[in-house]
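**Student:** What follows is start_6.txt; its format and atoms are compact mmCIF, C-alpha atoms.
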```
# COMPACT_ATOMS: atom_id res chain seq x y z
CA MET U 182 -16.98 -20.37 21.11
CA LYS U 183 -13.30 -20.39 20.23
CA LYS U 184 -11.24 -23.56 20.51
CA LYS U 185 -8.94 -23.80 23.50
CA ARG U 186 -5.23 -23.53 22.74
CA ALA U 187 -2.09 -24.44 24.65
CA VAL U 188 1.64 -24.83 24.19
CA LYS U 189 3.26 -28.28 24.16
CA VAL U 190 6.94 -28.56 25.05
CA SER U 191 8.67 -31.62 23.61
CA LEU U 192 12.15 -33.09 23.44
CA GLU U 193 13.71 -35.03 20.58
CA LYS U 194 17.17 -36.53 20.35
CA ALA U 195 18.54 -36.66 16.82
CA GLU U 196 20.91 -39.37 15.62
CA SER U 197 23.64 -36.73 15.47
CA GLY U 198 23.37 -36.31 19.24
CA VAL U 199 21.69 -32.93 19.03
CA ILE U 200 18.79 -32.34 21.42
CA ARG U 201 15.86 -30.36 20.01
CA ILE U 202 13.31 -28.71 22.25
CA SER U 203 10.16 -27.68 20.42
CA LEU U 204 7.25 -25.48 21.40
CA ASP U 205 4.14 -26.37 19.44
CA ASP U 206 0.75 -24.70 19.44
CA ILE U 207 -1.90 -27.30 20.17
CA VAL U 208 -5.69 -27.06 19.86
CA GLN U 209 -8.25 -28.94 21.91
CA SER U 210 -10.32 -31.36 19.82
CA THR U 211 -13.99 -30.59 19.27
CA ASP U 212 -15.03 -33.26 21.79
CA GLY U 213 -12.52 -31.91 24.32
CA ALA U 214 -10.96 -35.34 24.83
CA SER U 215 -7.59 -34.69 23.21
CA TRP U 216 -5.17 -32.08 21.94
CA ILE U 217 -4.06 -31.73 18.31
CA LYS U 218 -0.82 -30.17 17.08
CA ASP U 219 -1.52 -26.98 15.16
CA ILE U 220 1.82 -25.36 14.30
CA LEU U 221 5.42 -25.25 15.42
CA TYR U 222 5.82 -22.07 17.46
CA SER U 223 9.56 -22.26 18.16
CA SER U 224 12.43 -24.69 18.54
CA LYS U 225 15.98 -24.68 19.81
CA GLU U 226 18.79 -27.20 19.39
CA TYR U 227 21.42 -28.01 22.00
CA ASP U 228 24.49 -30.16 22.06
CA SER U 229 23.53 -33.24 24.08
CA GLU U 230 26.36 -32.62 26.56
CA VAL U 231 25.08 -29.10 27.29
CA PHE U 232 21.58 -30.48 27.82
CA GLU U 233 22.61 -33.44 29.96
CA ASN U 234 24.75 -31.23 32.20
CA LEU U 235 22.08 -28.51 32.38
CA GLU U 236 24.61 -25.90 31.30
CA PHE U 237 22.16 -23.12 30.47
CA ASP U 238 22.81 -19.52 31.36
CA ASP U 239 20.20 -17.44 33.19
CA LYS U 240 19.34 -15.31 30.14
CA GLU U 241 18.69 -18.35 27.97
CA LEU U 242 16.40 -19.86 30.60
CA ALA U 243 14.60 -16.55 31.07
CA ASP U 244 14.12 -16.17 27.30
CA PHE U 245 12.71 -19.69 27.07
CA GLY U 246 10.25 -19.03 29.89
CA TYR U 247 9.28 -15.70 28.37
CA SER U 248 8.52 -17.40 25.02
CA ILE U 249 6.08 -19.75 26.72
CA ILE U 250 4.40 -17.01 28.76
CA ALA U 251 4.14 -14.71 25.72
CA ARG U 252 2.45 -17.40 23.63
CA LEU U 253 0.02 -18.30 26.41
CA TYR U 254 -0.74 -14.60 26.89
CA ALA U 255 -1.59 -14.32 23.17
CA PHE U 256 -4.06 -17.19 23.55
CA TYR U 257 -5.51 -15.58 26.66
CA LYS U 258 -6.00 -12.21 24.94
CA GLY U 259 -7.60 -13.97 21.99
CA GLY U 260 -10.09 -15.76 24.24
CA GLU U 261 -8.58 -19.16 23.41
CA THR U 262 -7.99 -20.44 26.94
```
Can the structure in the file be given as structure tokens, please?
**Tutor:**
Amino acid sequence: MKKKRAVKVSLEKAESGVIRISLDDIVQSTDGASWIKDILYSSKEYDSEVFENLEFDDKELADFGYSIIARLYAFYKGGET
């Protein structure tokens, strides 16, 4: 049986004021009790003002959502869900 996989979305604020959003592949532990980071799938940095004011255009939001769905679809097709 293949391990279950998922995508974790996280936020980090750097000292420079830049906001980084990361998408990491995570794998369910063998006992099923926790999730373990596998690899960084993608990341994007934003100026903190842009992030705090939610100044994202529709294409950027759509691309972000598509990235998540595409990765989850890959897991699904690989039997890792």
**Student:** Show which residues sit within 9 Å of Ser248 (chain U), as a ChimeraX atom specification. Count all atoms listed in the file, and ignore same-chain residues fewer than 4 positions away.
**Tutor:** /U:204,223,243-244,252-253
**Student:** Give me a file of those residues, with C-alpha atoms, as a PDB file, in the coordinates of the input.
**Tutor:**
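Result went into result.pdb, see below:
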```pdb
ATOM      1  CA  LEU U 204       7.250 -25.480  21.400  1.00  0.00           C
ATOM      2  CA  SER U 223       9.560 -22.260  18.160  1.00  0.00           C
ATOM      3  CA  ALA U 243      14.600 -16.550  31.070  1.00  0.00           C
ATOM      4  CA  ASP U 244      14.120 -16.170  27.300  1.00  0.00           C
ATOM      5  CA  ARG U 252       2.450 -17.400  23.630  1.00  0.00           C
ATOM      6  CA  LEU U 253       0.020 -18.300  26.410  1.00  0.00           C
TER       7      LEU U 253
END
```
**Student:** How many Å separate CA of Asp219 (chain U) from CA of Phe245 (chain U)?
**Tutor:**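 Atom-to-atom, CA of Asp219 (chain U) and CA of Phe245 (chain U) are spaced 19.9 Å apart.
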**Student:** Ranking U:Val188, U:Ala195, U:Ile250, U:Val231 by minimum distance to Val208 (chain U) and counting only C-alpha atoms, which one comes first?
**Tutor:**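 Selected residue with least distance to Val208 (chain U): U:Val188.
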**Student:** Record the distance separating CA of Ser197 (chain U) and CA of Glu233 (chain U), expressed in Å with one decimal.
**Tutor:**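 Calculated distance between CA of Ser197 (chain U) and CA of Glu233 (chain U) is 14.9 Å.
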**Student:** Could you give me, as a PyMOL selection string, the residues within 12 Å of Glu241 (chain U), counting only C-alpha atoms and dropping anything in the same chain fewer than 6 positions from it?
**Tutor:** chain U and resi 225+227+235+247-248
**Student:** Just to be explicit: take each residue in the selection above, keep C-alpha atoms, and write the result as a PDB file, in the frame of the given file.
**Tutor:**
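File selection-v4.pdb, as written:
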```pdb
ATOM      1  CA  LYS U 225      15.980 -24.680  19.810  1.00  0.00           C
ATOM      2  CA  TYR U 227      21.420 -28.010  22.000  1.00  0.00           C
ATOM      3  CA  LEU U 235      22.080 -28.510  32.380  1.00  0.00           C
ATOM      4  CA  TYR U 247       9.280 -15.700  28.370  1.00  0.00           C
ATOM      5  CA  SER U 248       8.520 -17.400  25.020  1.00  0.00           C
TER       6      SER U 248
END
```
**Student:** At a cut-off of 6 Å, using all atoms listed in the file, what residues contact region 183-187 of chain U? Leave out same-chain residues fewer than 3 positions from it and give the result as an MDAnalysis selection string.
**Tutor:** chainID U and resid 206:209 261:262
**Student:** Using all atoms listed in the file, which of the listed residues (U:Asp239, U:Arg201, U:Ser210, U:Val190) sits closest to Tyr222 (chain U)?
**Tutor:** U:Val190
**Student:** Between CA of Ile249 (chain U) and CA of Ile217 (chain U), what is the distance, to one decimal in Å?
**Tutor:**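 For CA of Ile249 (chain U) relative to CA of Ile217 (chain U), the distance reads 17.8 Å.
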**Student:** Choose the residue, out of U:Ala214, U:Ile200, U:Ile220, U:Ala255, that has the smallest atom-to-atom separation from Phe232 (chain U); count only C-alpha atoms.
**Tutor:**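 The answer is U:Ile200, which sits nearest to Phe232 (chain U).
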**Student:** Using only C-alpha atoms, pick whichever of U:Ser203, U:Tyr254, U:Glu196, U:Gly246 has the shortest atom-to-atom distance to Ser224 (chain U).
**Tutor:**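 Smallest separation from Ser224 (chain U) among the options: U:Ser203.
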**Student:** So that all listed atoms of region 225-239 of chain U fit with 6 Å spare on each side, what axis-aligned box centre and edge lengths in Å, to one decimal, would you give as AutoDock Vina command-line options?
**Tutor:**
```
--center_x 21.2 --center_y -25.4 --center_z 26.3 --size_x 22.4 --size_y 28.0 --size_z 25.8
```
